[in-house]
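*Asks:* Please read through the structure below; I'll follow up with questions.
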Amino acid sequence: MNKNFPIDVVFTWVDGNDQAHKKKMLQFVKDKSSIQKTYFRTRFDQVNEIEYAVKSVLKYASFVRKIFIVTDNQIPEFLKAGSYNNVEVIDHKEIFKGYVEYLPTFNSISIESLIYKIPNLSEHFIYLNDDCFLINECKREDFFKNGVPVLRGKWKFIEEFYWLGKLKLHYKKKLSSHKTVQKNGAKLIGFKKFYKFYHTPAPFRKSVFQKYFKEHKALENKNVSFRFRSLEQFTIQSLINHLEIKNKSCYFKTPNDLLFIKNYSRSLFRLKKRMFRAEKNKKFLCLQGLDRCPKNKLLFILDWLNSVMS
């Protein structure tokens, strides 16, 4: 196929600090006090990561045709102040046509399920969370090889299909929600183990979404109907990845080009060491929960991101 086929990038983003957004959310939260708790807020609060994430794509993935930011009646501050001709904000209403009764939604899994409906989205696109950054030069082949996606992950057992796994589940007090919704996607495609994806950019083909959900409309409807995350859902990354695996239309790669940080309790010296090392030998950086990062470390991280994106 043509090696220069268009590739777009899609981000999902929310400014949870926005008072209008908080007010909207309060109408649907059963436990009103939970909206102020750290474990709840961290899914919505932000420190302007989206600006660095977008700039990282512009700098290190020059082959990208267009960047879409999917959000709920919000515009990132940096877009108000600057001119970014190939960056477009897409409101939830655009992709939830036919499902407007489930809006407003505060569930990234539900939103991700419909990103393939972005108007004028290219067949090949890369999905990123707003806490994921490119930190070194990337090529098309990092995401698509011979027109099919390059998947980064590792095979894991689905415990309920194996006696030892069942035993472990019996004694486990709490199930990981992130792991559960990944397993749900694999099971829908008929797998008894799952290809666990990591926090790297996810390459997708729009036609795979379209074909599957044309045949499974009720499944799509259920997955987007939850306003908040549910263990009954499946992640779209897992579902689509396992469809590509089943069809043998993908390549595999270990996620060793990613630095993933979600714990900021280590010393500033240790953090600096990891970040500067990543600048030399990693392509992707995920900084989860930056809203919980201590101020001195956050200032360093933002300065570091500025230097890498400049």
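By order in the structure tokens, chains are A, B, ...; within a chain, residues start at 1; ligands start at 1, following the order shown.
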Using backbone DSSP assignments, extract all strand (DSSP E) residues from range 77-123 of chain A; output them as an NGL selection string.
*Replies:* :A and (87-91)
*Asks:* Range 99-179 of chain A near range 241-259 of chain A within 10 Å: what's each residue's closest atom pair and its distance in Å to one decimal, counting only C-alpha atoms, ordered by chain then ascending residue number, as a Markdown table?
*Replies:*
```
| residue | atom | partner | partner_atom | distance |
| --- | --- | --- | --- | --- |
| A:Cys132 | CA | A:Leu258 | CA | 9.8 |
| A:Phe133 | CA | A:Leu258 | CA | 9.8 |
| A:Leu134 | CA | A:Leu258 | CA | 9.4 |
| A:Ile135 | CA | A:Leu258 | CA | 9.7 |
| A:Asp142 | CA | A:Lys253 | CA | 9.4 |
| A:Phe143 | CA | A:Tyr251 | CA | 9.5 |
| A:Phe144 | CA | A:Cys250 | CA | 8.4 |
| A:Lys145 | CA | A:Tyr251 | CA | 7.4 |
| A:Asn146 | CA | A:Cys250 | CA | 9.1 |
| A:Gly147 | CA | A:Cys250 | CA | 8.8 |
| A:Val148 | CA | A:Cys250 | CA | 5.3 |
| A:Pro149 | CA | A:Cys250 | CA | 5.1 |
| A:Val150 | CA | A:Tyr251 | CA | 4.7 |
| A:Leu151 | CA | A:Phe252 | CA | 5.0 |
| A:Arg152 | CA | A:Lys253 | CA | 4.8 |
| A:Gly153 | CA | A:Thr254 | CA | 5.8 |
| A:Lys154 | CA | A:Thr254 | CA | 7.1 |
```
*Asks:* Nearest residue to Leu121 in chain A out of A:Cys138, A:Leu299, A:Leu290, A:Ile95, using only C-alpha atoms?
*Replies:* A:Ile95
*Asks:* If you count only C-alpha atoms, which residues fall within 10 Å of Asn107 in chain A, apart from same-chain ones fewer than 4 positions away, as a list in words?
*Replies:*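 Once the adjacent positions are removed, what remains is Arg43, Phe44, Ile111, Glu112, Val224, Ser225, Phe226, Arg227, Phe228, Arg229 and Ser230 of chain A.
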*Asks:* Kindly save the residues from that selection, with N, CA and C atoms included, as an mmCIF file, in the first residue's frame.
*Replies:*
```cif
data_model
loop_
_atom_site.group_PDB
_atom_site.id
_atom_site.type_symbol
_atom_site.label_atom_id
_atom_site.label_comp_id
_atom_site.auth_asym_id
_atom_site.auth_seq_id
_atom_site.Cartn_x
_atom_site.Cartn_y
_atom_site.Cartn_z
ATOM 1 N N ARG A 43 -8.784 11.388 38.144
ATOM 2 C CA ARG A 43 -9.192 11.050 36.774
ATOM 3 C C ARG A 43 -9.586 12.292 35.979
ATOM 4 N N PHE A 44 -9.798 13.407 36.684
ATOM 5 C CA PHE A 44 -10.320 14.586 36.011
ATOM 6 C C PHE A 44 -9.414 15.817 36.124
ATOM 7 N N ILE A 111 -16.146 7.199 26.288
ATOM 8 C CA ILE A 111 -15.737 8.166 25.262
ATOM 9 C C ILE A 111 -14.826 7.505 24.237
ATOM 10 N N GLU A 112 -13.853 6.724 24.709
ATOM 11 C CA GLU A 112 -12.910 6.047 23.809
ATOM 12 C C GLU A 112 -13.625 5.122 22.835
ATOM 13 N N VAL A 224 -21.107 2.365 26.066
ATOM 14 C CA VAL A 224 -21.086 3.828 26.179
ATOM 15 C C VAL A 224 -22.139 4.350 27.154
ATOM 16 N N SER A 225 -22.956 3.455 27.703
ATOM 17 C CA SER A 225 -24.089 3.884 28.533
ATOM 18 C C SER A 225 -23.702 4.236 29.964
ATOM 19 N N PHE A 226 -22.496 3.865 30.391
ATOM 20 C CA PHE A 226 -22.067 4.117 31.779
ATOM 21 C C PHE A 226 -21.464 5.513 31.899
ATOM 22 N N ARG A 227 -22.032 6.335 32.764
ATOM 23 C CA ARG A 227 -21.495 7.695 32.936
ATOM 24 C C ARG A 227 -20.181 7.691 33.723
ATOM 25 N N PHE A 228 -20.018 6.677 34.563
ATOM 26 C CA PHE A 228 -18.767 6.504 35.299
ATOM 27 C C PHE A 228 -18.275 5.083 35.058
ATOM 28 N N ARG A 229 -17.009 4.845 35.291
ATOM 29 C CA ARG A 229 -16.404 3.559 34.974
ATOM 30 C C ARG A 229 -17.099 2.394 35.670
ATOM 31 N N SER A 230 -17.184 1.294 34.955
ATOM 32 C CA SER A 230 -17.829 0.094 35.480
ATOM 33 C C SER A 230 -17.008 -1.133 35.093
#
```
*Asks:* With only C-alpha atoms as the atoms that count, which of A:Phe68, A:Tyr195, A:Phe269, A:Phe284 lies nearest to Ile240 in chain A?
*Replies:*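 Ranked by minimum distance to Ile240 in chain A, first place goes to A:Tyr195.
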*Asks:* Smallest atom-to-atom distance to Phe5 in chain A: which of A:Tyr198, A:Phe125, A:Tyr60, A:Phe78, using only C-alpha atoms?
*Replies:*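 The answer is A:Phe125, which sits nearest to Phe5 in chain A.
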*Asks:* Hey, which of A:Ser310, A:Asn129, A:Asn296, A:Asn48 ends up closest to Pro201 in chain A? Count only C-alpha atoms.
*Replies:*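 Closest to Pro201 in chain A of all the choices is A:Asn129.
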*Asks:* Do you know which residues are at most 12 Å from Leu239 in chain A counting only C-alpha atoms, after dropping those on the same chain fewer than 2 positions away, and could you put them as a PyMOL selection string?
*Replies:* chain A and resi 109+112-113+181-191+194-197+204+208-209+212-213+219-220+223+233-237+241-246
*Asks:* Output N, CA and C atoms of each residue in that selection to a file, as a CSV table (one decimal), in the first residue's frame.
*Replies:*
```csv
chain,number,residue,atom,x,y,z
A,109,ILE,N,-13.7,5.4,29.3
A,109,ILE,CA,-13.9,4.2,28.5
A,109,ILE,C,-15.1,4.3,27.6
A,112,GLU,N,-13.9,6.7,24.7
A,112,GLU,CA,-12.9,6.0,23.8
A,112,GLU,C,-13.6,5.1,22.8
A,113,SER,N,-14.7,4.6,23.3
A,113,SER,CA,-15.5,3.6,22.4
A,113,SER,C,-16.0,4.3,21.2
A,181,VAL,N,-11.1,-4.6,32.8
A,181,VAL,CA,-11.8,-4.2,31.6
A,181,VAL,C,-10.9,-4.5,30.4
A,182,GLN,N,-9.6,-4.8,30.6
A,182,GLN,CA,-8.8,-5.3,29.5
A,182,GLN,C,-9.2,-6.7,29.2
A,183,LYS,N,-9.3,-7.5,30.2
A,183,LYS,CA,-9.7,-8.9,30.1
A,183,LYS,C,-11.1,-9.1,29.4
A,184,ASN,N,-12.0,-8.2,29.8
A,184,ASN,CA,-13.3,-8.2,29.2
A,184,ASN,C,-13.3,-8.0,27.7
A,185,GLY,N,-12.4,-7.2,27.2
A,185,GLY,CA,-12.2,-7.0,25.7
A,185,GLY,C,-11.7,-8.2,25.1
A,186,ALA,N,-10.8,-8.9,25.7
A,186,ALA,CA,-10.2,-10.1,25.1
A,186,ALA,C,-11.2,-11.3,25.1
A,187,LYS,N,-12.0,-11.4,26.1
A,187,LYS,CA,-13.0,-12.5,26.2
A,187,LYS,C,-14.1,-12.3,25.1
A,188,LEU,N,-14.4,-11.1,24.8
A,188,LEU,CA,-15.4,-10.8,23.8
A,188,LEU,C,-15.0,-11.4,22.4
A,189,ILE,N,-13.7,-11.4,22.2
A,189,ILE,CA,-13.2,-11.9,20.9
A,189,ILE,C,-12.8,-13.4,21.0
A,190,GLY,N,-13.0,-14.0,22.2
A,190,GLY,CA,-12.9,-15.4,22.3
A,190,GLY,C,-11.5,-15.9,22.8
A,191,PHE,N,-10.7,-15.0,23.4
A,191,PHE,CA,-9.4,-15.3,24.0
A,191,PHE,C,-9.5,-15.8,25.4
A,194,PHE,N,-5.0,-12.7,27.6
A,194,PHE,CA,-5.1,-11.3,27.0
A,194,PHE,C,-3.8,-10.7,26.8
A,195,TYR,N,-3.7,-9.9,25.7
A,195,TYR,CA,-2.5,-9.1,25.4
A,195,TYR,C,-2.6,-7.8,26.1
A,196,LYS,N,-1.9,-7.7,27.3
A,196,LYS,CA,-2.0,-6.5,28.1
A,196,LYS,C,-1.3,-5.4,27.5
A,197,PHE,N,-2.0,-4.3,27.3
A,197,PHE,CA,-1.4,-3.1,26.7
A,197,PHE,C,-0.9,-2.2,27.8
A,204,PHE,N,-4.6,2.5,15.7
A,204,PHE,CA,-5.9,1.9,15.4
A,204,PHE,C,-6.2,2.1,13.9
A,208,VAL,N,-11.8,-1.2,11.4
A,208,VAL,CA,-12.0,-2.3,12.3
A,208,VAL,C,-13.1,-2.0,13.3
A,209,PHE,N,-13.1,-0.8,13.8
A,209,PHE,CA,-14.2,-0.3,14.7
A,209,PHE,C,-15.5,-0.4,13.9
A,212,TYR,N,-16.8,-4.1,13.3
A,212,TYR,CA,-17.2,-4.8,14.5
A,212,TYR,C,-18.5,-4.2,15.1
A,213,PHE,N,-18.6,-2.9,15.2
A,213,PHE,CA,-19.8,-2.3,15.8
A,213,PHE,C,-21.0,-2.3,14.9
A,219,LEU,N,-23.8,-4.1,21.8
A,219,LEU,CA,-22.6,-4.1,22.7
A,219,LEU,C,-22.0,-2.7,22.8
A,220,GLU,N,-22.0,-2.0,21.7
A,220,GLU,CA,-21.5,-0.6,21.7
A,220,GLU,C,-22.4,0.2,22.6
A,223,ASN,N,-21.7,-0.4,26.2
A,223,ASN,CA,-20.4,0.1,26.7
A,223,ASN,C,-20.3,1.6,26.9
A,233,GLN,N,-17.7,-3.0,31.8
A,233,GLN,CA,-17.2,-2.4,30.5
A,233,GLN,C,-15.9,-3.2,30.0
A,234,PHE,N,-15.6,-2.9,28.7
A,234,PHE,CA,-14.3,-3.3,28.1
A,234,PHE,C,-13.6,-2.1,27.6
A,235,THR,N,-12.3,-2.1,27.6
A,235,THR,CA,-11.5,-1.0,27.0
A,235,THR,C,-11.5,-1.3,25.5
A,236,ILE,N,-11.6,-0.2,24.8
A,236,ILE,CA,-11.6,-0.3,23.3
A,236,ILE,C,-10.2,-0.7,22.8
A,237,GLN,N,-9.2,-0.3,23.5
A,237,GLN,CA,-7.8,-0.8,23.1
A,237,GLN,C,-7.7,-2.3,23.1
A,241,ASN,N,-7.4,-4.4,19.7
A,241,ASN,CA,-6.1,-5.2,19.6
A,241,ASN,C,-6.4,-6.6,19.4
A,242,HIS,N,-7.3,-7.2,20.1
A,242,HIS,CA,-7.6,-8.6,20.0
A,242,HIS,C,-8.2,-9.0,18.7
A,243,LEU,N,-9.0,-8.1,18.2
A,243,LEU,CA,-9.5,-8.3,16.8
A,243,LEU,C,-8.4,-8.4,15.8
A,244,GLU,N,-7.5,-7.4,15.9
A,244,GLU,CA,-6.3,-7.4,15.0
A,244,GLU,C,-5.5,-8.7,15.2
A,245,ILE,N,-5.3,-9.1,16.4
A,245,ILE,CA,-4.5,-10.3,16.7
A,245,ILE,C,-5.2,-11.6,16.1
A,246,LYS,N,-6.5,-11.6,16.3
A,246,LYS,CA,-7.3,-12.8,15.8
A,246,LYS,C,-7.2,-12.8,14.2
```
*Asks:* Pick out the residues sitting within 12 Å of Pro6 in chain A, and hand them over as a ChimeraX atom specification; count only C-alpha atoms, and ignore anything fewer than 5 positions along from it in its own chain.
*Replies:* /A:1,62-67,120-126,140,144,147,205
*Asks:* Counting only C-alpha atoms, which residue out of A:Lys273, A:Lys193, A:Lys55, A:Lys283 sits closest to Trp155 in chain A?
*Replies:*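 Of all the options, A:Lys193 lies closest to Trp155 in chain A.
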*Asks:* When you count only C-alpha atoms, which of these residues is closest to Glu159 in chain A: A:Lys139, A:Lys192, A:Arg292, A:Lys97?
*Replies:*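 Of A:Lys139, A:Lys192, A:Arg292, A:Lys97, the one nearest Glu159 in chain A, counting only C-alpha atoms, is A:Lys192.
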*Asks:* Can you tell me which residues surround Arg266 in chain A at a distance of at most 10 Å, considering only C-alpha atoms, apart from same-chain residues fewer than 4 positions away, and format the answer as a PDB file with N, CA and C atoms, in the first residue's frame?
*Replies:*
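So out.pdb came out as:
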```
ATOM      1  N   ARG A 270      16.329  11.017  42.145  1.00  0.00           N
ATOM      2  CA  ARG A 270      15.976   9.777  41.445  1.00  0.00           C
ATOM      3  C   ARG A 270      15.063  10.066  40.254  1.00  0.00           C
ATOM      4  N   LEU A 271      14.142  10.981  40.446  1.00  0.00           N
ATOM      5  CA  LEU A 271      13.231  11.353  39.375  1.00  0.00           C
ATOM      6  C   LEU A 271      14.003  11.980  38.207  1.00  0.00           C
ATOM      7  N   LYS A 297       8.666  18.728  42.617  1.00  0.00           N
ATOM      8  CA  LYS A 297       8.885  17.748  41.552  1.00  0.00           C
ATOM      9  C   LYS A 297       8.073  18.116  40.306  1.00  0.00           C
TER      10      LYS A 297
END
```
*Asks:* Could you name the residues that touch Val308 in chain A at 9 Å or less, counting only C-alpha atoms, but leaving out those on the same chain fewer than 4 positions away, as a ChimeraX atom specification?
*Replies:* /A:56,135-136,279,303-304
*Asks:* Just asking: which residues within range 38-261 of chain A are alpha helix (DSSP H) according to DSSP, as an MDAnalysis selection string?
*Replies:* chainID A and resid 38:41 49:60 77:81 92:95 108:112 163:171 177:188 206:215 217:224 236:246
*Asks:* Put those residues in a file: C-alpha atoms, as a PDB file, in the first residue's frame.
*Replies:*
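Now in out.pdb:
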```pdb
ATOM      1  CA  THR A  38      -8.119  12.217  45.673  1.00  0.00           C
ATOM      2  CA  TYR A  39      -8.832   8.796  44.131  1.00  0.00           C
ATOM      3  CA  PHE A  40     -11.858  10.298  42.353  1.00  0.00           C
ATOM      4  CA  ARG A  41     -10.423  13.687  41.388  1.00  0.00           C
ATOM      5  CA  GLU A  49      -0.492  18.202  30.397  1.00  0.00           C
ATOM      6  CA  ILE A  50      -2.457  18.387  27.155  1.00  0.00           C
ATOM      7  CA  GLU A  51      -0.344  21.316  25.913  1.00  0.00           C
ATOM      8  CA  TYR A  52       2.882  19.334  26.269  1.00  0.00           C
ATOM      9  CA  ALA A  53       1.277  16.213  24.816  1.00  0.00           C
ATOM     10  CA  VAL A  54       0.126  18.055  21.680  1.00  0.00           C
ATOM     11  CA  LYS A  55       3.456  19.849  21.266  1.00  0.00           C
ATOM     12  CA  SER A  56       5.268  16.527  21.612  1.00  0.00           C
ATOM     13  CA  VAL A  57       3.336  15.136  18.641  1.00  0.00           C
ATOM     14  CA  LEU A  58       3.977  18.251  16.582  1.00  0.00           C
ATOM     15  CA  LYS A  59       7.696  18.030  17.280  1.00  0.00           C
ATOM     16  CA  TYR A  60       8.409  14.304  17.194  1.00  0.00           C
ATOM     17  CA  GLU A  77      -5.974  27.285  27.355  1.00  0.00           C
ATOM     18  CA  PHE A  78      -2.982  26.986  25.033  1.00  0.00           C
ATOM     19  CA  LEU A  79      -5.294  26.728  22.016  1.00  0.00           C
ATOM     20  CA  LYS A  80      -7.006  29.980  22.998  1.00  0.00           C
ATOM     21  CA  ALA A  81      -3.687  31.788  23.069  1.00  0.00           C
ATOM     22  CA  HIS A  92     -18.658  14.859  22.882  1.00  0.00           C
ATOM     23  CA  LYS A  93     -21.923  15.674  21.084  1.00  0.00           C
ATOM     24  CA  GLU A  94     -20.160  15.081  17.754  1.00  0.00           C
ATOM     25  CA  ILE A  95     -19.244  11.473  18.469  1.00  0.00           C
ATOM     26  CA  SER A 108     -13.088   7.762  29.502  1.00  0.00           C
ATOM     27  CA  ILE A 109     -13.922   4.159  28.537  1.00  0.00           C
ATOM     28  CA  SER A 110     -17.287   5.246  27.138  1.00  0.00           C
ATOM     29  CA  ILE A 111     -15.737   8.166  25.262  1.00  0.00           C
ATOM     30  CA  GLU A 112     -12.910   6.047  23.809  1.00  0.00           C
ATOM     31  CA  TRP A 163      -7.544 -23.634  38.043  1.00  0.00           C
ATOM     32  CA  LEU A 164      -4.557 -21.831  39.592  1.00  0.00           C
ATOM     33  CA  GLY A 165      -5.952 -18.523  38.431  1.00  0.00           C
ATOM     34  CA  LYS A 166      -9.316 -19.337  39.973  1.00  0.00           C
ATOM     35  CA  LEU A 167      -7.561 -20.055  43.253  1.00  0.00           C
ATOM     36  CA  LYS A 168      -5.808 -16.703  43.141  1.00  0.00           C
ATOM     37  CA  LEU A 169      -9.063 -14.910  42.378  1.00  0.00           C
ATOM     38  CA  HIS A 170     -10.711 -16.649  45.337  1.00  0.00           C
ATOM     39  CA  TYR A 171      -8.222 -15.139  47.777  1.00  0.00           C
ATOM     40  CA  SER A 177     -10.312  -2.388  37.353  1.00  0.00           C
ATOM     41  CA  HIS A 178      -7.747  -1.589  34.650  1.00  0.00           C
ATOM     42  CA  LYS A 179      -6.895  -5.275  34.273  1.00  0.00           C
ATOM     43  CA  THR A 180     -10.535  -6.406  34.423  1.00  0.00           C
ATOM     44  CA  VAL A 181     -11.758  -4.166  31.592  1.00  0.00           C
ATOM     45  CA  GLN A 182      -8.807  -5.288  29.464  1.00  0.00           C
ATOM     46  CA  LYS A 183      -9.697  -8.939  30.076  1.00  0.00           C
ATOM     47  CA  ASN A 184     -13.316  -8.184  29.184  1.00  0.00           C
ATOM     48  CA  GLY A 185     -12.237  -6.995  25.746  1.00  0.00           C
ATOM     49  CA  ALA A 186     -10.186 -10.130  25.111  1.00  0.00           C
ATOM     50  CA  LYS A 187     -12.979 -12.465  26.212  1.00  0.00           C
ATOM     51  CA  LEU A 188     -15.434 -10.842  23.798  1.00  0.00           C
ATOM     52  CA  LYS A 206     -11.048   2.996  11.817  1.00  0.00           C
ATOM     53  CA  SER A 207     -12.507   0.291   9.585  1.00  0.00           C
ATOM     54  CA  VAL A 208     -11.953  -2.338  12.309  1.00  0.00           C
ATOM     55  CA  PHE A 209     -14.189  -0.324  14.672  1.00  0.00           C
ATOM     56  CA  GLN A 210     -16.789   0.207  11.976  1.00  0.00           C
ATOM     57  CA  LYS A 211     -17.039  -3.419  10.941  1.00  0.00           C
ATOM     58  CA  TYR A 212     -17.232  -4.789  14.487  1.00  0.00           C
ATOM     59  CA  PHE A 213     -19.776  -2.321  15.846  1.00  0.00           C
ATOM     60  CA  LYS A 214     -21.934  -2.574  12.751  1.00  0.00           C
ATOM     61  CA  GLU A 215     -22.379  -6.225  13.713  1.00  0.00           C
ATOM     62  CA  LYS A 217     -24.568  -2.466  17.909  1.00  0.00           C
ATOM     63  CA  ALA A 218     -26.058  -3.522  21.246  1.00  0.00           C
ATOM     64  CA  LEU A 219     -22.586  -4.115  22.668  1.00  0.00           C
ATOM     65  CA  GLU A 220     -21.491  -0.623  21.678  1.00  0.00           C
ATOM     66  CA  ASN A 221     -24.652   0.811  23.190  1.00  0.00           C
ATOM     67  CA  LYS A 222     -24.006  -0.903  26.522  1.00  0.00           C
ATOM     68  CA  ASN A 223     -20.359   0.123  26.683  1.00  0.00           C
ATOM     69  CA  VAL A 224     -21.086   3.828  26.179  1.00  0.00           C
ATOM     70  CA  ILE A 236     -11.599  -0.283  23.305  1.00  0.00           C
ATOM     71  CA  GLN A 237      -7.815  -0.790  23.126  1.00  0.00           C
ATOM     72  CA  SER A 238      -8.187  -4.366  24.296  1.00  0.00           C
ATOM     73  CA  LEU A 239     -11.155  -5.154  22.043  1.00  0.00           C
ATOM     74  CA  ILE A 240      -9.590  -3.748  18.872  1.00  0.00           C
ATOM     75  CA  ASN A 241      -6.130  -5.154  19.646  1.00  0.00           C
ATOM     76  CA  HIS A 242      -7.551  -8.650  20.026  1.00  0.00           C
ATOM     77  CA  LEU A 243      -9.539  -8.297  16.811  1.00  0.00           C
ATOM     78  CA  GLU A 244      -6.302  -7.413  15.011  1.00  0.00           C
ATOM     79  CA  ILE A 245      -4.514 -10.335  16.696  1.00  0.00           C
ATOM     80  CA  LYS A 246      -7.298 -12.756  15.757  1.00  0.00           C
TER      81      LYS A 246
END
```
